[in-house]
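S.K.: Sending over work_13.txt (compact mmCIF, C-alpha atoms and all ligand atoms).
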```
# COMPACT_ATOMS: atom_id res chain seq x y z
CA ARG A 1 0.00 0.00 0.00
CA GLU A 2 2.67 2.42 1.06
CA ARG A 3 4.76 1.42 -1.96
CA LEU A 4 1.80 1.71 -4.29
CA GLN A 5 1.46 5.32 -3.18
CA LYS A 6 4.46 6.15 -5.35
CA THR A 7 2.44 5.30 -8.43
CA ARG A 8 -0.23 7.62 -7.16
CA GLU A 9 1.86 10.72 -6.72
CA ARG A 10 2.09 12.09 -10.21
CA LEU A 11 -1.41 11.51 -11.52
CA ALA A 12 -3.22 12.24 -8.27
CA ASP A 13 -1.19 15.37 -7.56
CA ARG A 14 -1.83 16.65 -11.03
CA VAL A 15 -5.57 16.12 -10.73
CA ASP A 16 -5.47 17.79 -7.30
CA ARG A 17 -3.75 20.81 -8.78
CA LEU A 18 -6.16 20.87 -11.69
CA VAL A 19 -9.27 21.20 -9.54
CA LEU A 20 -7.73 23.51 -6.95
CA GLY A 21 -9.79 26.68 -6.66
CA LYS A 22 -12.13 25.69 -9.52
CA LYS A 23 -15.85 26.25 -9.01
CA HIS A 24 -17.35 24.31 -11.93
CA ILE A 25 -16.53 21.37 -14.11
CA ASP A 26 -16.51 22.83 -17.62
CA ASP A 27 -15.21 21.69 -20.99
CA GLU A 28 -11.88 23.34 -20.43
CA LEU A 29 -11.35 21.48 -17.17
CA LEU A 30 -12.28 18.18 -18.81
CA GLU A 31 -9.85 18.86 -21.64
CA GLU A 32 -7.06 19.47 -19.17
CA LEU A 33 -7.99 16.29 -17.37
CA GLU A 34 -7.76 14.41 -20.67
CA GLU A 35 -4.27 15.79 -21.20
CA ILE A 36 -3.19 14.68 -17.73
CA LEU A 37 -4.52 11.16 -18.21
CA ILE A 38 -3.00 10.67 -21.66
CA THR A 39 0.45 11.77 -20.50
CA SER A 40 0.39 9.50 -17.46
CA ASP A 41 0.63 6.06 -19.10
CA LEU A 42 -3.13 5.56 -19.38
CA GLY A 43 -3.03 5.84 -23.16
CA VAL A 44 -5.45 7.40 -25.61
CA SER A 45 -8.21 4.84 -25.75
CA ALA A 46 -8.53 4.16 -22.00
CA THR A 47 -8.41 7.92 -21.37
CA ARG A 48 -11.20 8.52 -23.85
CA PHE A 49 -13.27 5.79 -22.22
CA LEU A 50 -12.74 7.16 -18.70
CA LEU A 51 -13.38 10.74 -19.76
CA GLU A 52 -16.59 9.72 -21.50
CA GLN A 53 -17.87 8.24 -18.23
CA VAL A 54 -17.01 11.34 -16.23
CA SER A 55 -18.41 13.70 -18.89
CA GLU A 56 -21.65 11.74 -19.03
CA ARG A 57 -22.14 12.28 -15.29
CA VAL A 58 -21.46 15.99 -15.77
CA ARG A 59 -23.97 16.20 -18.65
CA ARG A 60 -26.63 14.55 -16.52
CA ASN A 61 -25.94 17.05 -13.74
CA GLU A 62 -24.91 14.25 -11.41
CA LEU A 63 -21.41 15.64 -11.07
CA LYS A 64 -20.85 19.36 -10.55
CA ASP A 65 -18.32 19.85 -7.80
CA PRO A 66 -14.68 19.78 -9.01
CA ALA A 67 -13.68 18.49 -5.58
CA ARG A 68 -15.50 15.26 -6.42
CA LEU A 69 -13.78 14.76 -9.77
CA GLN A 70 -10.95 12.68 -8.33
CA GLU A 71 -13.33 10.31 -6.57
CA GLU A 72 -15.41 9.97 -9.75
CA LEU A 73 -12.33 9.18 -11.81
CA ARG A 74 -11.18 6.66 -9.24
CA SER A 75 -14.43 4.68 -9.43
CA ALA A 76 -14.33 4.77 -13.23
CA VAL A 77 -10.79 3.34 -13.13
CA ALA A 78 -11.81 0.69 -10.60
CA ARG A 79 -14.71 -0.39 -12.84
CA LEU A 80 -12.41 -0.56 -15.84
CA LEU A 81 -9.90 -2.72 -13.95
CA GLN A 82 -12.63 -5.10 -12.81
CA VAL A 83 -12.46 -7.11 -16.03
CA PRO A 84 -15.14 -9.83 -16.13
CA ALA A 85 -13.43 -13.23 -15.85
CA PRO A 86 -13.86 -16.57 -14.13
CA PRO A 87 -12.57 -16.38 -10.54
CA TRP A 88 -9.03 -17.48 -9.70
CA ASP A 89 -9.70 -21.01 -8.47
CA PRO A 90 -6.83 -23.53 -8.30
CA ALA A 91 -9.23 -26.07 -6.80
CA ALA A 92 -11.22 -26.13 -10.06
CA ALA A 93 -9.16 -29.06 -11.42
CA ARG A 94 -6.60 -31.50 -10.10
CA PRO A 95 -3.95 -30.97 -11.08
CA PHE A 96 -4.62 -27.34 -11.89
CA VAL A 97 -2.16 -26.43 -14.63
CA ILE A 98 -0.75 -22.90 -14.88
CA LEU A 99 1.41 -21.88 -17.84
CA VAL A 100 3.49 -18.80 -17.08
CA VAL A 101 4.69 -16.65 -19.97
CA GLY A 102 6.50 -13.34 -20.41
CA VAL A 103 9.74 -11.86 -21.70
CA ASN A 104 13.05 -12.27 -19.88
CA GLY A 105 13.57 -10.10 -16.84
CA VAL A 106 9.95 -9.25 -16.08
CA GLY A 107 9.99 -11.41 -12.94
CA LYS A 108 8.56 -14.68 -14.23
CA THR A 109 10.68 -17.07 -12.18
CA THR A 110 10.33 -14.96 -9.05
CA THR A 111 6.56 -14.83 -9.54
CA ILE A 112 6.42 -18.62 -9.90
CA GLY A 113 8.32 -19.02 -6.60
CA LYS A 114 6.08 -16.55 -4.81
CA LEU A 115 2.92 -18.05 -6.31
CA ALA A 116 3.94 -21.58 -5.31
CA HIS A 117 4.58 -20.34 -1.77
CA ARG A 118 1.14 -18.74 -1.68
CA LEU A 119 -0.50 -21.92 -2.95
CA LYS A 120 1.28 -23.98 -0.30
CA GLY A 121 -0.04 -21.59 2.32
CA ASP A 122 -3.55 -22.24 0.98
CA GLY A 123 -3.02 -25.99 1.33
CA PHE A 124 -2.15 -26.89 -2.26
CA GLN A 125 0.88 -28.97 -3.19
CA PRO A 126 2.61 -27.29 -6.12
CA LEU A 127 5.00 -28.77 -8.68
CA LEU A 128 7.37 -26.41 -10.50
CA VAL A 129 8.45 -27.12 -14.06
CA ALA A 130 11.65 -25.68 -15.53
CA GLY A 131 10.40 -25.03 -19.06
CA ASP A 132 12.97 -22.35 -19.92
CA THR A 133 15.55 -24.85 -21.10
CA PHE A 134 17.19 -22.18 -23.25
CA ARG A 135 19.00 -20.64 -20.27
CA ALA A 136 20.82 -22.89 -17.81
CA ALA A 137 20.56 -20.10 -15.22
CA ALA A 138 16.76 -20.14 -15.49
CA ILE A 139 16.68 -23.84 -14.59
CA GLU A 140 19.03 -23.29 -11.63
CA GLN A 141 17.00 -20.33 -10.42
CA LEU A 142 13.78 -22.34 -10.42
CA VAL A 143 15.48 -25.21 -8.58
CA LEU A 144 16.60 -22.71 -5.92
CA TRP A 145 13.04 -21.44 -5.53
CA GLY A 146 11.85 -25.03 -5.19
CA GLU A 147 14.34 -25.61 -2.37
CA ARG A 148 13.48 -22.33 -0.70
CA ILE A 149 9.74 -22.98 -0.52
CA GLY A 150 9.85 -26.76 -0.34
CA ALA A 151 8.31 -27.73 -3.68
CA PRO A 152 9.48 -30.40 -6.14
CA VAL A 153 10.88 -29.22 -9.48
CA VAL A 154 10.72 -31.14 -12.75
CA ARG A 155 13.72 -30.34 -14.92
CA GLN A 156 15.76 -31.70 -17.78
CA LYS A 157 19.12 -30.66 -19.02
CA HIS A 158 19.88 -27.29 -20.58
CA GLY A 159 18.75 -27.29 -24.22
CA ALA A 160 16.11 -30.01 -23.82
CA ASP A 161 12.81 -29.70 -25.71
CA PRO A 162 10.47 -27.63 -23.46
CA SER A 163 7.40 -29.55 -24.61
CA ALA A 164 9.07 -32.82 -23.56
CA VAL A 165 9.70 -31.27 -20.14
CA ALA A 166 6.02 -30.27 -19.95
CA PHE A 167 4.94 -33.79 -20.95
CA ASP A 168 7.14 -35.34 -18.24
CA ALA A 169 5.85 -32.89 -15.67
CA LEU A 170 2.21 -33.74 -16.29
CA GLU A 171 3.06 -37.43 -16.10
CA ALA A 172 4.84 -36.82 -12.79
CA ALA A 173 1.95 -34.73 -11.49
CA THR A 174 -0.55 -37.53 -11.99
CA SER A 175 1.62 -40.17 -10.34
CA ARG A 176 2.67 -37.92 -7.43
CA ASP A 177 0.42 -36.11 -5.02
CA VAL A 178 0.34 -32.75 -6.79
CA ASP A 179 -2.48 -30.19 -6.81
CA VAL A 180 -1.05 -27.43 -8.98
CA VAL A 181 1.51 -27.59 -11.80
CA ILE A 182 3.28 -24.31 -12.56
CA LEU A 183 5.24 -24.26 -15.82
CA ASP A 184 7.95 -21.74 -16.54
CA THR A 185 8.64 -20.88 -20.20
CA ALA A 186 11.42 -19.14 -22.08
CA GLY A 187 11.25 -15.39 -22.63
CA ARG A 188 14.06 -14.60 -25.03
CA MET A 189 12.90 -11.83 -27.32
CA HIS A 190 15.62 -11.69 -29.96
CA THR A 191 13.97 -14.64 -31.67
CA LYS A 192 10.36 -13.63 -31.20
CA VAL A 193 8.84 -15.99 -33.78
CA ASN A 194 10.66 -19.10 -32.56
CA LEU A 195 9.73 -18.25 -29.00
CA MET A 196 6.03 -17.98 -29.80
CA GLU A 197 6.15 -21.24 -31.76
CA GLU A 198 7.89 -22.93 -28.85
CA ILE A 199 5.28 -21.78 -26.34
CA LYS A 200 2.45 -22.77 -28.68
CA LYS A 201 3.97 -26.24 -28.95
CA VAL A 202 4.20 -26.55 -25.17
CA HIS A 203 0.56 -25.44 -25.03
CA ARG A 204 -0.51 -28.09 -27.56
CA VAL A 205 1.36 -30.85 -25.73
CA ILE A 206 -0.32 -29.89 -22.44
CA GLN A 207 -3.76 -29.84 -24.10
CA LYS A 208 -3.20 -33.22 -25.68
CA LYS A 209 -1.81 -34.85 -22.55
CA MET A 210 -4.45 -33.38 -20.26
CA PRO A 211 -7.73 -32.22 -21.86
CA GLY A 212 -8.93 -29.01 -20.21
CA ALA A 213 -5.41 -27.91 -19.32
CA PRO A 214 -3.76 -25.43 -19.12
CA HIS A 215 -6.38 -23.95 -16.82
CA GLU A 216 -4.66 -20.61 -16.64
CA ILE A 217 -2.11 -18.87 -18.87
CA LEU A 218 -0.54 -16.10 -16.82
CA LEU A 219 1.34 -13.32 -18.55
CA VAL A 220 3.88 -11.58 -16.32
CA LEU A 221 4.40 -7.87 -17.04
CA ASP A 222 6.95 -5.52 -15.52
CA ALA A 223 5.22 -2.32 -14.36
CA THR A 224 8.39 -0.29 -14.83
CA THR A 225 8.41 -0.84 -18.60
CA GLY A 226 5.45 1.45 -19.29
CA GLN A 227 4.08 1.13 -22.82
CA ASN A 228 6.30 -1.90 -23.57
CA ALA A 229 4.05 -3.86 -21.27
CA LEU A 230 1.13 -3.03 -23.54
CA SER A 231 2.85 -4.29 -26.70
CA GLN A 232 4.00 -7.46 -24.92
CA ALA A 233 0.45 -8.08 -23.74
CA ARG A 234 -0.88 -7.71 -27.30
CA LEU A 235 1.74 -10.08 -28.69
CA PHE A 236 1.25 -12.84 -26.11
CA LYS A 237 -2.53 -12.57 -26.15
CA ASP A 238 -2.69 -12.83 -29.92
CA THR A 239 -0.20 -15.68 -30.27
CA VAL A 240 -0.38 -17.93 -27.20
CA GLY A 241 -3.66 -16.76 -25.69
CA VAL A 242 -3.49 -15.29 -22.19
CA THR A 243 -6.12 -15.72 -19.47
CA GLY A 244 -4.70 -13.55 -16.71
CA LEU A 245 -1.98 -11.05 -15.81
CA VAL A 246 0.59 -10.56 -13.10
CA LEU A 247 2.01 -7.05 -12.73
CA THR A 248 5.43 -7.04 -11.06
CA LYS A 249 7.81 -4.49 -9.52
CA LEU A 250 5.08 -2.23 -8.23
CA ASP A 251 7.28 -1.51 -5.22
CA GLY A 252 9.78 0.56 -7.13
CA THR A 253 7.90 2.44 -9.83
CA ALA A 254 5.61 5.30 -10.64
CA LYS A 255 4.28 3.57 -13.75
CA GLY A 256 1.69 1.01 -12.64
CA GLY A 257 -0.79 3.09 -14.64
CA VAL A 258 -0.01 1.08 -17.78
CA ILE A 259 -2.25 -1.68 -16.46
CA VAL A 260 -5.24 0.56 -17.22
CA PRO A 261 -4.81 0.47 -21.03
CA VAL A 262 -3.82 -3.21 -20.84
CA CYS A 263 -7.05 -4.14 -19.05
CA HIS A 264 -9.11 -1.80 -21.21
CA GLU A 265 -7.78 -2.93 -24.56
CA LEU A 266 -7.17 -6.62 -23.96
CA GLN A 267 -9.92 -7.33 -21.43
CA LEU A 268 -7.70 -9.54 -19.30
CA PRO A 269 -8.02 -9.77 -15.49
CA VAL A 270 -5.04 -8.98 -13.27
CA ARG A 271 -4.63 -11.98 -10.96
CA PHE A 272 -1.72 -10.85 -8.80
CA ILE A 273 0.69 -7.99 -8.25
CA GLY A 274 4.37 -8.27 -7.29
CA VAL A 275 5.53 -5.79 -4.67
CA GLY A 276 9.06 -7.00 -3.95
CA GLU A 277 11.58 -9.80 -4.29
CA LYS A 278 10.73 -11.70 -1.14
CA VAL A 279 8.68 -14.86 -1.05
CA GLU A 280 5.64 -13.15 0.49
CA ASP A 281 5.65 -10.22 -1.96
CA LEU A 282 2.85 -11.42 -4.24
CA ARG A 283 -0.64 -10.07 -3.56
CA PRO A 284 -4.05 -10.67 -5.06
CA PHE A 285 -5.11 -7.74 -7.21
CA ASP A 286 -7.71 -5.42 -5.74
CA PRO A 287 -9.12 -3.06 -8.44
CA GLY A 288 -10.51 -0.59 -5.88
CA GLU A 289 -7.28 -0.38 -3.93
CA PHE A 290 -5.25 -0.10 -7.12
CA ALA A 291 -7.50 2.68 -8.48
CA ARG A 292 -7.07 4.58 -5.20
CA ALA A 293 -3.33 4.08 -5.45
CA ILE A 294 -2.95 5.44 -8.98
CA VAL A 295 -5.59 8.19 -9.08
P1 LIG B 1 12.44 -13.67 -15.43
O1 LIG B 1 13.62 -13.50 -16.34
O2 LIG B 1 11.20 -13.13 -16.04
O3 LIG B 1 12.28 -15.05 -14.91
O4 LIG B 1 12.72 -12.68 -14.20
P2 LIG B 1 13.25 -12.99 -12.72
O5 LIG B 1 12.22 -13.71 -11.93
O6 LIG B 1 14.60 -13.59 -12.81
O7 LIG B 1 13.33 -11.50 -12.16
C1 LIG B 1 14.16 -10.51 -12.70
C2 LIG B 1 14.57 -9.55 -11.58
O8 LIG B 1 13.44 -8.83 -11.10
C3 LIG B 1 15.14 -10.27 -10.36
O9 LIG B 1 16.22 -9.52 -9.85
C4 LIG B 1 13.98 -10.30 -9.37
O10 LIG B 1 14.40 -10.34 -8.04
C5 LIG B 1 13.30 -8.98 -9.70
N1 LIG B 1 11.86 -8.97 -9.35
C6 LIG B 1 10.89 -9.85 -9.71
N2 LIG B 1 9.69 -9.47 -9.23
C7 LIG B 1 9.89 -8.31 -8.54
C8 LIG B 1 9.02 -7.42 -7.81
O11 LIG B 1 7.79 -7.58 -7.68
N3 LIG B 1 9.63 -6.33 -7.24
C9 LIG B 1 10.97 -6.09 -7.37
N4 LIG B 1 11.47 -5.01 -6.79
N5 LIG B 1 11.79 -6.90 -8.05
C10 LIG B 1 11.26 -8.00 -8.63
```
Reformat the file's structure so that it appears as structure tokens.
Ligand code: GDP
M.R.:
Amino acid sequence: RERLQKTRERLADRVDRLVLGKKHIDDELLEELEEILITSDLGVSATRFLLEQVSERVRRNELKDPARLQEELRSAVARLLQVPAPPWDPAAARPFVILVVGVNGVGKTTTIGKLAHRLKGDGFQPLLVAGDTFRAAAIEQLVLWGERIGAPVVRQKHGADPSAVAFDALEAATSRDVDVVILDTAGRMHTKVNLMEEIKKVHRVIQKKMPGAPHEILLVLDATTGQNALSQARLFKDTVGVTGLVLTKLDGTAKGGVIVPVCHELQLPVRFIGVGEKVEDLRPFDPGEFARAIV
């Protein structure tokens, strides 16, 4: 919460300053508000959508007092972030299979460790799968997380076929006592096409081996990357199909606002937010709290 405040500063302070001393909400004020929103990572289309909602209330005489503009904007953002989606429910299948995707460095492996820890706390036995066979360090890092939180890790050697690793993992999950399978994937971006093909193949192997799976495809996005997060979200949604988002590094940034255009444009729910590097630093996403933090 305290960390999220950082995100709030710029946008909220600017809206505060905008309404200071104003008596009425007029077109000029709304235009200035539009300018503030567009230049604060919210993007053109989400800004237009939010402004339309606020303006509509003004037109209907339901909103007159500039002092209430901030609050009005905040609820519009909260509604936008509340993307309709099935609830997060790892008990919905056994094993519940989660495919985790995202480009290198966004915090994928860390998120998997934190998520597995959370699941253990909720009474689920997780199995981690080292599907980024492209980088030896990625395998080692996942093994370390497994040791740290006390979860088994399925791995093969560096360079192995990731879909073979996924196949093995699902086989292991059914013979062992596992509730949730969390699969890591590669995130190298210099060979974008190959990467997408590789993830699609992993996806197909999972579907074939276990009809109904994967039950969730989580895309991890780094909040500090601003508009890059939006283009990554588009790419992964269009090619591998994403069902939910994790927004990381919200502890050290003023740019969490990019999640607004991502949710607006792609209509994907945010499942969790990352607020640090420690094992307990993964939180469920609360649209109301997040809206209060950024606006
Ligand atoms: P991957 O390449 O996507 O698997 O990324 P990693 O999990 O290796 O994370 C990259 C870096 O970001 C590491 O130094 C992590 O400790 C750090 N990191 C991950 N999530 C967070 C977060 O929520 N907050 C902060 N401050 N750092 C994070």
S.K.: Just to confirm, what's the straight-line distance from atom CA of Ala293 of chain A to atom CA of Leu11 of chain A in Å (one decimal)?
M.R.: 9.8 Å
S.K.: Point out the residue among A:Asp26, A:Leu51, A:Lys278, A:Ile259 with the least atom-to-atom distance to Ser231 of chain A, counting all atoms listed in the file.
M.R.: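 Distance minimum relative to Ser231 of chain A lands on A:Ile259.
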S.K.: Restrict the calculation to all atoms listed in the file, then for each residue of segment 70-117 of chain A with any atom at most 10 Å from an atom of segment 183-202 of chain A give the closest atom pair and their distance in Å to one decimal, rows by chain and rising residue number, as JSON lines.
M.R.:
```
{"residue": "A:Val97", "atom": "CA", "partner": "A:Leu183", "partner_atom": "CA", "distance": 7.8}
{"residue": "A:Ile98", "atom": "CA", "partner": "A:Leu183", "partner_atom": "CA", "distance": 6.2}
{"residue": "A:Leu99", "atom": "CA", "partner": "A:Leu183", "partner_atom": "CA", "distance": 4.9}
{"residue": "A:Val100", "atom": "CA", "partner": "A:Asp184", "partner_atom": "CA", "distance": 5.4}
{"residue": "A:Val101", "atom": "CA", "partner": "A:Thr185", "partner_atom": "CA", "distance": 5.8}
{"residue": "A:Gly102", "atom": "CA", "partner": "A:Gly187", "partner_atom": "CA", "distance": 5.6}
{"residue": "A:Val103", "atom": "CA", "partner": "A:Gly187", "partner_atom": "CA", "distance": 4.0}
{"residue": "A:Asn104", "atom": "CA", "partner": "A:Gly187", "partner_atom": "CA", "distance": 4.5}
{"residue": "A:Gly105", "atom": "CA", "partner": "A:Gly187", "partner_atom": "CA", "distance": 8.2}
{"residue": "A:Val106", "atom": "CA", "partner": "A:Gly187", "partner_atom": "CA", "distance": 9.1}
{"residue": "A:Lys108", "atom": "CA", "partner": "A:Asp184", "partner_atom": "CA", "distance": 7.5}
{"residue": "A:Thr109", "atom": "CA", "partner": "A:Asp184", "partner_atom": "CA", "distance": 6.9}
{"residue": "A:Thr111", "atom": "CA", "partner": "A:Asp184", "partner_atom": "CA", "distance": 9.9}
{"residue": "A:Ile112", "atom": "CA", "partner": "A:Asp184", "partner_atom": "CA", "distance": 7.5}
```
S.K.: Calculate how many Å separate atom CA of Lys237 of chain A from atom CA of Val260 of chain A, rounding to one decimal.
M.R.: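 Taking atom CA of Lys237 of chain A and atom CA of Val260 of chain A, their separation equals 16.1 Å.
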S.K.: I'd like to know which of A:Thr39, A:Ser55, A:Ser175, A:Thr248 is closest to ligand LIG 1 (chain B), using all atoms listed in the file.
M.R.: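 Going through A:Thr39, A:Ser55, A:Ser175, A:Thr248 one by one, the smallest distance to ligand LIG 1 (chain B) is for A:Thr248.
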S.K.: If I take atom CA of Arg148 of chain A and atom CA of His117 of chain A, how far is one from the other in Å, to one decimal?
M.R.: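 Separation of atom CA of Arg148 of chain A and atom CA of His117 of chain A: 9.2 Å.
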S.K.: Given only C-alpha atoms as the basis, pick out the residue of A:Val77, A:Val180, A:Leu63, A:Ile36 nearest to Arg292 of chain A.
M.R.: A:Val77
S.K.: Find the residues near Pro84 of chain A: any atom within 9 Å, counting all atoms listed in the file, skip ones fewer than 6 places away on the same chain, and give them as number ranges by chain.
M.R.: A: 267-269
S.K.: Tell me which of A:Gly43, A:Pro214, A:Gly146, A:Gly107 sits closest to ligand LIG 1 (chain B), counting all atoms listed in the file.
M.R.: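 Among the listed residues, A:Gly107 lies closest to ligand LIG 1 (chain B).
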S.K.: Counting all atoms listed in the file, figure out which residue out of A:Ser75, A:Gln53, A:Gln227, A:Thr174 gets nearest to Lys209 of chain A.
M.R.: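 When distances to Lys209 of chain A are compared using all atoms listed in the file, the smallest one comes from A:Thr174.
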S.K.: For segment 170-172 of chain A, list every protein, DNA or RNA residue within 10 Å, evaluated using only C-alpha atoms, and leave out those in the same chain fewer than 2 positions away; present the list as an NGL selection string.
M.R.: :A and (95 or 97 or 127 or 129 or 154 or 165-168 or 174-178 or 181 or 183 or 205-206 or 209-210)
S.K.: Counting only C-alpha atoms, select every polymer residue within 6 Å of (-0.3, -13.5, -3.2) as defined in the file's coordinates, and provide the selection as a PyMOL selection string.
M.R.: chain A and resi 118+282-284
S.K.: At a cut-off of 12 Å from (-18.5, 17.3, -6.5) in the coordinates of the file, what residues are picked up using all atoms listed in the file, written as a list in words?
M.R.: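 Answer for this query, in the requested form: Val19, Lys22, Lys23, His24, Ile25, Val54, Arg57, Val58, Asn61, Glu62, Leu63, Lys64, Asp65, Pro66, Ala67, Arg68, Leu69, Gln70, Glu71, Glu72 and Leu73 of chain A.
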S.K.: Write out as an MDAnalysis selection string the residues lying within 10 Å of Gly256 of chain A, counting all atoms listed in the file and excluding same-chain residues fewer than 5 positions away.
M.R.: chainID A and resid 4 6:8 40:42 222:226 247:251 290 293:294
S.K.: Given the choices A:Leu142, A:Leu81, A:Leu230, A:Leu33, which gets closest to ligand LIG 1 (chain B) if the distance is worked out from only C-alpha atoms and all ligand atoms?
M.R.: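 Using only C-alpha atoms and all ligand atoms, the shortest distance to ligand LIG 1 (chain B) belongs to A:Leu142.
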